[in-house]
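Single-structure report; data block below.
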Amino acid sequence: MSDDRPAIPDPYLPETGTPDFTVAHYDLQLEVKLAANRVAGRARLEGTVLHRTRRITLDLHGLSVSKVTATGAGRPVKVARSSARRGRLVVDLAVTLDAGADLVLDVTYAGVPSLRQGAWGEIGWEELADGVLVAGQPHGASTWFPCVDHPSVKSTYHLTVTTDAGYLPVCNGLPTGHRRRSSREEWSWELRDPAPSYLVTLQIGRYQLVAVPDDAPQGHPSPAHPAAEGTAPVFLAVSRALQDRAQEVLGVQTAMMACFSRAFGPYPFARYTAVVTDDALEIPLEAASLSIFGSNHLTGSWPAERLVAHELAHQWFGNALTLRRWRDIWLHEGFACYSEWLWGAESGRAALESYARTAWRGLAAQDQDLLVADPGPELMFDDRIYKRGALALFALRQELGAEAFGGLLRDWVAAHRHGTVDTGTFLAHADRHAEAAGLAAGHATRVLHPWLFETALPALPAARRAAVAPR
């Protein structure tokens, strides 16, 4: 099983998260005034004290706190003082709480959200031409609500957002309510499967929610196999102006979901929503049960379609199975990149081996100075991690054979669904499957080691002459 203890502090982002408090559930109530880009919020954090303490530190960037109350074991806990500055909200309690104590914090806050600056660009709450986009990875959740912003802390969420009439706020999970309040509208969403705060999002625009029919779009190659069980409804959140084009291009997601459900096991959330902004975006984004695309991603070309597959695959690898520490980012990006190749092969564009060969040639022409399993914070989103991580999986597939490797992936997802994972856990899992396939103890680790723990690029993987069958 996965190790679900918080892995805080994280050397890659030591200024975020807290080792003293974990959150099981957030209830967020947010009032958004779009013209002023101003928010007023109330956040209820239901959690547990992990170490004996009288101080709780939360992540909150650029917003002002007007009130904090605390409750423990159903009784009020006096707050001696609270202060928000430099990206942190520090709550000093009047009493010391023991490890294991239940604690509910209720925070009232407001302000104009500002982006966090980092080595990977601007992160968090961002104004669009006519709406709002939240890009939370890796530490942008704190730009719009107080939280423990670390991937090893997974929580459930209820979000109630009130904003201008005519705009739809789209959040994770399922819509659970809607009502009009004069010139304002209130929408509620609920994410019942646990996810880290960076994968919680809010997208506001003049969107319509449109269901995607459960079939491949006309003229698109259909998968060769029947649809798998374990798929879920697919929706688009899109403006009327882009609705027809989005339906045409993104309708393929139902076929992709069937492909990935066969390969990895059932889709891990209750539904999937693809948001399409009227703005152009540099890259698509993913959140738990949801992805965000720009109008520029509706080309229908393979370079755009592979990104659609990539973001959908993150629902398994990244969102359902989430890294414990940021150094293990290849467990998200390498698996999602491999999924692009899998979809390309499934839809008849090219063989899996062709994608692997192209990626290997591209890597061979670049510097060999990156450790995939621990790239350092500056390089944790380097494209070489994506490609080399995918090639590591392809190498293992070549050793085990397609059938045994497919079983390995499905068992990996099933064993750690909605938990946290790390590289060591995956290596142990792969070794067990390799032994079950008739290979020597530790064989999978030996195959993966040069791809993950050495800088030099290994040779392009070739298939074993006689792929072994699972016992």
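Each chain of the structure tokens is named A, B, ... in the order shown, its residues numbered from 1; ligands are numbered from 1 in display order.
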
Residues within 10 Å of A:Asp367, only C-alpha atoms, excluding chain neighbours under 5 positions, as a list of chain:residue names:
A:Arg384, A:Thr455, A:Ala456, A:Leu457

Computed gap from atom CA of A:Leu460 to atom CA of A:Ala365 is 13.5 Å

inquiry  = Need the shell around stretch 77-81 of chain A: protein/DNA/RNA residues with any atom at most 12 Å away, counting only C-alpha atoms. Skip same-chain ones fewer than 2 positions apart. Format as a PyMOL selection string?
reply    = chain A and resi 54-56+65-75+83-84+89-97+101-107

Output file for the residues above (C-alpha atoms, as a PDB file, in the first residue's frame):
ATOM      1  CA  ARG A  54      -0.134  25.286  19.871  1.00  0.00           C
ATOM      2  CA  ARG A  55       0.752  26.854  16.501  1.00  0.00           C
ATOM      3  CA  ILE A  56      -0.757  25.939  13.114  1.00  0.00           C
ATOM      4  CA  VAL A  65      -7.410  37.551   7.046  1.00  0.00           C
ATOM      5  CA  SER A  66     -10.065  39.235   9.170  1.00  0.00           C
ATOM      6  CA  LYS A  67     -11.049  36.380  11.501  1.00  0.00           C
ATOM      7  CA  VAL A  68      -9.905  32.917  12.558  1.00  0.00           C
ATOM      8  CA  THR A  69     -11.832  30.623  14.894  1.00  0.00           C
ATOM      9  CA  ALA A  70     -10.936  27.125  16.037  1.00  0.00           C
ATOM     10  CA  THR A  71     -12.883  24.138  17.317  1.00  0.00           C
ATOM     11  CA  GLY A  72     -11.526  20.948  18.823  1.00  0.00           C
ATOM     12  CA  ALA A  73     -13.564  17.893  19.878  1.00  0.00           C
ATOM     13  CA  GLY A  74     -16.716  19.936  19.308  1.00  0.00           C
ATOM     14  CA  ARG A  75     -15.650  22.735  21.684  1.00  0.00           C
ATOM     15  CA  SER A  83      -1.136  36.815  11.241  1.00  0.00           C
ATOM     16  CA  ALA A  84      -0.878  36.485   7.456  1.00  0.00           C
ATOM     17  CA  LEU A  89      -1.061  32.281   7.827  1.00  0.00           C
ATOM     18  CA  VAL A  90       0.143  31.604  11.372  1.00  0.00           C
ATOM     19  CA  VAL A  91      -2.525  30.703  13.929  1.00  0.00           C
ATOM     20  CA  ASP A  92      -1.418  30.714  17.578  1.00  0.00           C
ATOM     21  CA  LEU A  93      -3.795  28.845  19.885  1.00  0.00           C
ATOM     22  CA  ALA A  94      -4.278  29.643  23.561  1.00  0.00           C
ATOM     23  CA  VAL A  95      -3.816  25.969  24.471  1.00  0.00           C
ATOM     24  CA  THR A  96      -1.503  23.190  23.390  1.00  0.00           C
ATOM     25  CA  LEU A  97      -3.088  20.356  21.377  1.00  0.00           C
ATOM     26  CA  ALA A 101      -6.476  15.867  18.228  1.00  0.00           C
ATOM     27  CA  ASP A 102      -9.249  16.913  15.870  1.00  0.00           C
ATOM     28  CA  LEU A 103      -9.116  20.564  14.885  1.00  0.00           C
ATOM     29  CA  VAL A 104     -11.424  22.665  12.725  1.00  0.00           C
ATOM     30  CA  LEU A 105     -10.178  26.068  11.575  1.00  0.00           C
ATOM     31  CA  ASP A 106     -12.596  28.646  10.169  1.00  0.00           C
ATOM     32  CA  VAL A 107     -10.854  31.448   8.262  1.00  0.00           C
TER      33      VAL A 107
END

- Query: Taking the backbone alone, and naming residues the way the document does, which bits of stretch 34-73 of chain A are strand (DSSP E) by DSSP, as a PyMOL selection string?
  - Reply: chain A and resi 38-49+53-59+64-72

Could you build a table of the residues in stretch 304-369 of chain A lying no more than 9 Å from stretch 269-277 of chain A, giving for each the nearest pair of atoms and their separation in Å rounded to one decimal place, using only C-alpha atoms, ordered by chain and ascending residue number, as CSV?
residue,atom,partner,partner_atom,distance
A:Leu312,CA,A:Tyr272,CA,8.5
A:Gln315,CA,A:Phe269,CA,7.9
A:Ala320,CA,A:Phe269,CA,8.2

Exercise. Identify, on the basis of only C-alpha atoms, every residue whose closest approach to stretch 146-150 of chain A does not exceed 7 Å; exclude the query and any residue fewer than 3 positions from it along the same chain; express the result as a VMD selection string.
Key: chain A and resid 16 to 18 58 to 60 139 141 to 142 153 196 to 198

Let's have the selection written as a PDB file, in the first residue's frame, with N, CA and C atoms.
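Full text of out-v4.pdb as output:
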ATOM      1  N   THR A  16       6.385  25.627   1.732  1.00  0.00           N
ATOM      2  CA  THR A  16       4.962  25.320   1.693  1.00  0.00           C
ATOM      3  C   THR A  16       4.655  24.093   2.544  1.00  0.00           C
ATOM      4  N   GLY A  17       3.393  24.034   2.991  1.00  0.00           N
ATOM      5  CA  GLY A  17       2.950  22.916   3.803  1.00  0.00           C
ATOM      6  C   GLY A  17       3.360  23.054   5.254  1.00  0.00           C
ATOM      7  N   THR A  18       2.841  22.179   6.090  1.00  0.00           N
ATOM      8  CA  THR A  18       3.205  22.130   7.510  1.00  0.00           C
ATOM      9  C   THR A  18       3.227  20.687   7.972  1.00  0.00           C
ATOM     10  N   LEU A  58      -0.549  27.735   7.971  1.00  0.00           N
ATOM     11  CA  LEU A  58      -1.197  27.417   6.693  1.00  0.00           C
ATOM     12  C   LEU A  58      -0.558  28.232   5.586  1.00  0.00           C
ATOM     13  N   ASP A  59      -0.800  27.804   4.348  1.00  0.00           N
ATOM     14  CA  ASP A  59      -0.355  28.557   3.173  1.00  0.00           C
ATOM     15  C   ASP A  59      -1.460  29.509   2.735  1.00  0.00           C
ATOM     16  N   LEU A  60      -1.123  30.780   2.586  1.00  0.00           N
ATOM     17  CA  LEU A  60      -2.069  31.787   2.083  1.00  0.00           C
ATOM     18  C   LEU A  60      -1.254  32.932   1.527  1.00  0.00           C
ATOM     19  N   HIS A 139       2.281  25.128  -6.445  1.00  0.00           N
ATOM     20  CA  HIS A 139       1.976  25.716  -5.136  1.00  0.00           C
ATOM     21  C   HIS A 139       1.086  26.955  -5.292  1.00  0.00           C
ATOM     22  N   ALA A 141      -2.406  26.940  -4.992  1.00  0.00           N
ATOM     23  CA  ALA A 141      -3.689  26.903  -4.277  1.00  0.00           C
ATOM     24  C   ALA A 141      -3.795  28.030  -3.264  1.00  0.00           C
ATOM     25  N   SER A 142      -2.666  28.384  -2.663  1.00  0.00           N
ATOM     26  CA  SER A 142      -2.676  29.407  -1.614  1.00  0.00           C
ATOM     27  C   SER A 142      -3.009  30.797  -2.137  1.00  0.00           C
ATOM     28  N   VAL A 153      -0.746  15.704   1.098  1.00  0.00           N
ATOM     29  CA  VAL A 153      -1.937  15.934   1.920  1.00  0.00           C
ATOM     30  C   VAL A 153      -3.153  15.943   1.003  1.00  0.00           C
ATOM     31  N   PRO A 196      -4.959  16.570  -3.489  1.00  0.00           N
ATOM     32  CA  PRO A 196      -4.180  17.648  -2.864  1.00  0.00           C
ATOM     33  C   PRO A 196      -4.693  19.008  -3.304  1.00  0.00           C
ATOM     34  N   SER A 197      -4.364  20.030  -2.531  1.00  0.00           N
ATOM     35  CA  SER A 197      -4.919  21.362  -2.784  1.00  0.00           C
ATOM     36  C   SER A 197      -4.486  21.920  -4.130  1.00  0.00           C
ATOM     37  N   TYR A 198      -3.291  21.572  -4.623  1.00  0.00           N
ATOM     38  CA  TYR A 198      -2.858  22.140  -5.896  1.00  0.00           C
ATOM     39  C   TYR A 198      -3.702  21.647  -7.070  1.00  0.00           C
TER      40      TYR A 198
END

Taken to one decimal, the atom CA of A:Tyr207-atom CA of A:Trp316 distance is 26.1 Å

(request) For A:Leu307, work out the shell of residues within 8 Å, counting only C-alpha atoms and skipping chain neighbours fewer than 3 positions away, then give it as a list in words. (result) Pro284, Pro303, Ala304, His310, Glu311 and Glu340 of chain A

Next on the checklist: When you look at A:Arg206 with a cut-off of 9 Å (counting only C-alpha atoms), what residues show up, excluding the ones that are within fewer than 5 positions of it in the same chain? I need them as a count of residues only.
Outcome noted: 10

All residues 8 Å or closer to stretch 389-403 of chain A, only C-alpha atoms, same chain fewer than 6 positions away omitted, as a PDB file with N, CA and C atoms, in the first residue's frame:
ATOM      1  N   TRP A 330       8.306  12.377 -12.287  1.00  0.00           N
ATOM      2  CA  TRP A 330       8.249  11.476 -13.450  1.00  0.00           C
ATOM      3  C   TRP A 330       7.089  10.493 -13.332  1.00  0.00           C
ATOM      4  N   LEU A 331       6.643  10.179 -12.105  1.00  0.00           N
ATOM      5  CA  LEU A 331       5.508   9.289 -11.920  1.00  0.00           C
ATOM      6  C   LEU A 331       4.214   9.909 -12.428  1.00  0.00           C
ATOM      7  N   GLU A 333       4.455  12.744 -15.062  1.00  0.00           N
ATOM      8  CA  GLU A 333       4.680  13.194 -16.437  1.00  0.00           C
ATOM      9  C   GLU A 333       5.168  12.072 -17.355  1.00  0.00           C
ATOM     10  N   GLY A 334       6.003  11.176 -16.860  1.00  0.00           N
ATOM     11  CA  GLY A 334       6.436  10.059 -17.687  1.00  0.00           C
ATOM     12  C   GLY A 334       5.273   9.153 -18.057  1.00  0.00           C
ATOM     13  N   PHE A 335       4.387   8.891 -17.099  1.00  0.00           N
ATOM     14  CA  PHE A 335       3.226   8.045 -17.360  1.00  0.00           C
ATOM     15  C   PHE A 335       2.252   8.730 -18.311  1.00  0.00           C
ATOM     16  N   ALA A 336       2.059  10.040 -18.167  1.00  0.00           N
ATOM     17  CA  ALA A 336       1.147  10.756 -19.065  1.00  0.00           C
ATOM     18  C   ALA A 336       1.706  10.819 -20.479  1.00  0.00           C
ATOM     19  N   CYS A 337       3.029  10.988 -20.606  1.00  0.00           N
ATOM     20  CA  CYS A 337       3.649  10.993 -21.931  1.00  0.00           C
ATOM     21  C   CYS A 337       3.529   9.619 -22.582  1.00  0.00           C
ATOM     22  N   TYR A 338       3.784   8.557 -21.816  1.00  0.00           N
ATOM     23  CA  TYR A 338       3.589   7.198 -22.344  1.00  0.00           C
ATOM     24  C   TYR A 338       2.145   7.006 -22.806  1.00  0.00           C
ATOM     25  N   ALA A 356       8.434   5.910 -29.374  1.00  0.00           N
ATOM     26  CA  ALA A 356       9.602   5.730 -28.517  1.00  0.00           C
ATOM     27  C   ALA A 356      10.891   6.091 -29.263  1.00  0.00           C
ATOM     28  N   ALA A 359      11.211   9.873 -29.598  1.00  0.00           N
ATOM     29  CA  ALA A 359      11.586  10.492 -28.323  1.00  0.00           C
ATOM     30  C   ALA A 359      13.045  10.227 -27.995  1.00  0.00           C
ATOM     31  N   TRP A 360      13.508   9.006 -28.228  1.00  0.00           N
ATOM     32  CA  TRP A 360      14.899   8.669 -27.925  1.00  0.00           C
ATOM     33  C   TRP A 360      15.857   9.506 -28.774  1.00  0.00           C
ATOM     34  N   VAL A 372      16.337  11.684 -13.718  1.00  0.00           N
ATOM     35  CA  VAL A 372      14.877  11.698 -13.799  1.00  0.00           C
ATOM     36  C   VAL A 372      14.238  11.526 -12.431  1.00  0.00           C
ATOM     37  N   ALA A 434       7.612  -8.508 -12.348  1.00  0.00           N
ATOM     38  CA  ALA A 434       8.632  -9.146 -13.183  1.00  0.00           C
ATOM     39  C   ALA A 434       8.893 -10.579 -12.709  1.00  0.00           C
ATOM     40  N   ALA A 437       6.282 -12.821 -13.806  1.00  0.00           N
ATOM     41  CA  ALA A 437       6.388 -13.095 -15.241  1.00  0.00           C
ATOM     42  C   ALA A 437       7.564 -14.012 -15.556  1.00  0.00           C
ATOM     43  N   ALA A 444      13.201  -5.814 -12.769  1.00  0.00           N
ATOM     44  CA  ALA A 444      12.584  -4.557 -13.194  1.00  0.00           C
ATOM     45  C   ALA A 444      13.399  -3.358 -12.727  1.00  0.00           C
ATOM     46  N   VAL A 447      16.300  -2.872 -15.002  1.00  0.00           N
ATOM     47  CA  VAL A 447      15.903  -2.281 -16.276  1.00  0.00           C
ATOM     48  C   VAL A 447      15.676  -0.778 -16.135  1.00  0.00           C
ATOM     49  N   LEU A 448      15.017  -0.383 -15.049  1.00  0.00           N
ATOM     50  CA  LEU A 448      14.620   1.023 -14.887  1.00  0.00           C
ATOM     51  C   LEU A 448      15.755   1.905 -14.367  1.00  0.00           C
ATOM     52  N   TRP A 451      17.565   4.511 -16.612  1.00  0.00           N
ATOM     53  CA  TRP A 451      16.665   5.554 -17.098  1.00  0.00           C
ATOM     54  C   TRP A 451      16.356   6.584 -16.022  1.00  0.00           C
ATOM     55  N   LEU A 452      16.333   6.143 -14.766  1.00  0.00           N
ATOM     56  CA  LEU A 452      15.887   7.007 -13.680  1.00  0.00           C
ATOM     57  C   LEU A 452      17.012   7.581 -12.845  1.00  0.00           C
ATOM     58  N   PRO A 461      15.341   0.859 -26.166  1.00  0.00           N
ATOM     59  CA  PRO A 461      14.929  -0.482 -25.739  1.00  0.00           C
ATOM     60  C   PRO A 461      14.466  -1.344 -26.909  1.00  0.00           C
ATOM     61  N   ALA A 462      14.912  -2.583 -26.901  1.00  0.00           N
ATOM     62  CA  ALA A 462      14.449  -3.571 -27.875  1.00  0.00           C
ATOM     63  C   ALA A 462      13.664  -4.635 -27.142  1.00  0.00           C
ATOM     64  N   ALA A 463      12.719  -5.250 -27.814  1.00  0.00           N
ATOM     65  CA  ALA A 463      11.895  -6.279 -27.202  1.00  0.00           C
ATOM     66  C   ALA A 463      12.728  -7.534 -26.962  1.00  0.00           C
ATOM     67  N   ARG A 464      12.466  -8.242 -25.878  1.00  0.00           N
ATOM     68  CA  ARG A 464      13.088  -9.535 -25.657  1.00  0.00           C
ATOM     69  C   ARG A 464      12.647 -10.501 -26.754  1.00  0.00           C
ATOM     70  N   ALA A 467       9.178 -12.952 -25.208  1.00  0.00           N
ATOM     71  CA  ALA A 467       8.536 -12.300 -24.071  1.00  0.00           C
ATOM     72  C   ALA A 467       7.867 -13.361 -23.213  1.00  0.00           C
ATOM     73  N   VAL A 468       8.100 -13.268 -21.903  1.00  0.00           N
ATOM     74  CA  VAL A 468       7.546 -14.286 -21.012  1.00  0.00           C
ATOM     75  C   VAL A 468       6.082 -13.979 -20.730  1.00  0.00           C
ATOM     76  N   ALA A 469       5.324 -15.008 -20.449  1.00  0.00           N
ATOM     77  CA  ALA A 469       3.911 -14.846 -20.111  1.00  0.00           C
ATOM     78  C   ALA A 469       3.747 -14.883 -18.605  1.00  0.00           C
ATOM     79  N   PRO A 470       2.755 -14.169 -18.084  1.00  0.00           N
ATOM     80  CA  PRO A 470       2.555 -14.194 -16.637  1.00  0.00           C
ATOM     81  C   PRO A 470       2.181 -15.585 -16.156  1.00  0.00           C
TER      82      PRO A 470
END

What does the distance between atom CA of A:Glu248 and atom CA of A:Leu191 come to in Å, to one decimal place?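 Separation between atom CA of A:Glu248 and atom CA of A:Leu191: 28.0 Å.
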
Give the alpha helix (DSSP H) residues of stretch 113-359 of chain A, as assigned by DSSP on the backbone, as a PyMOL selection string. chain A and resi 240-250+253-264+302-313+330-346+352-359
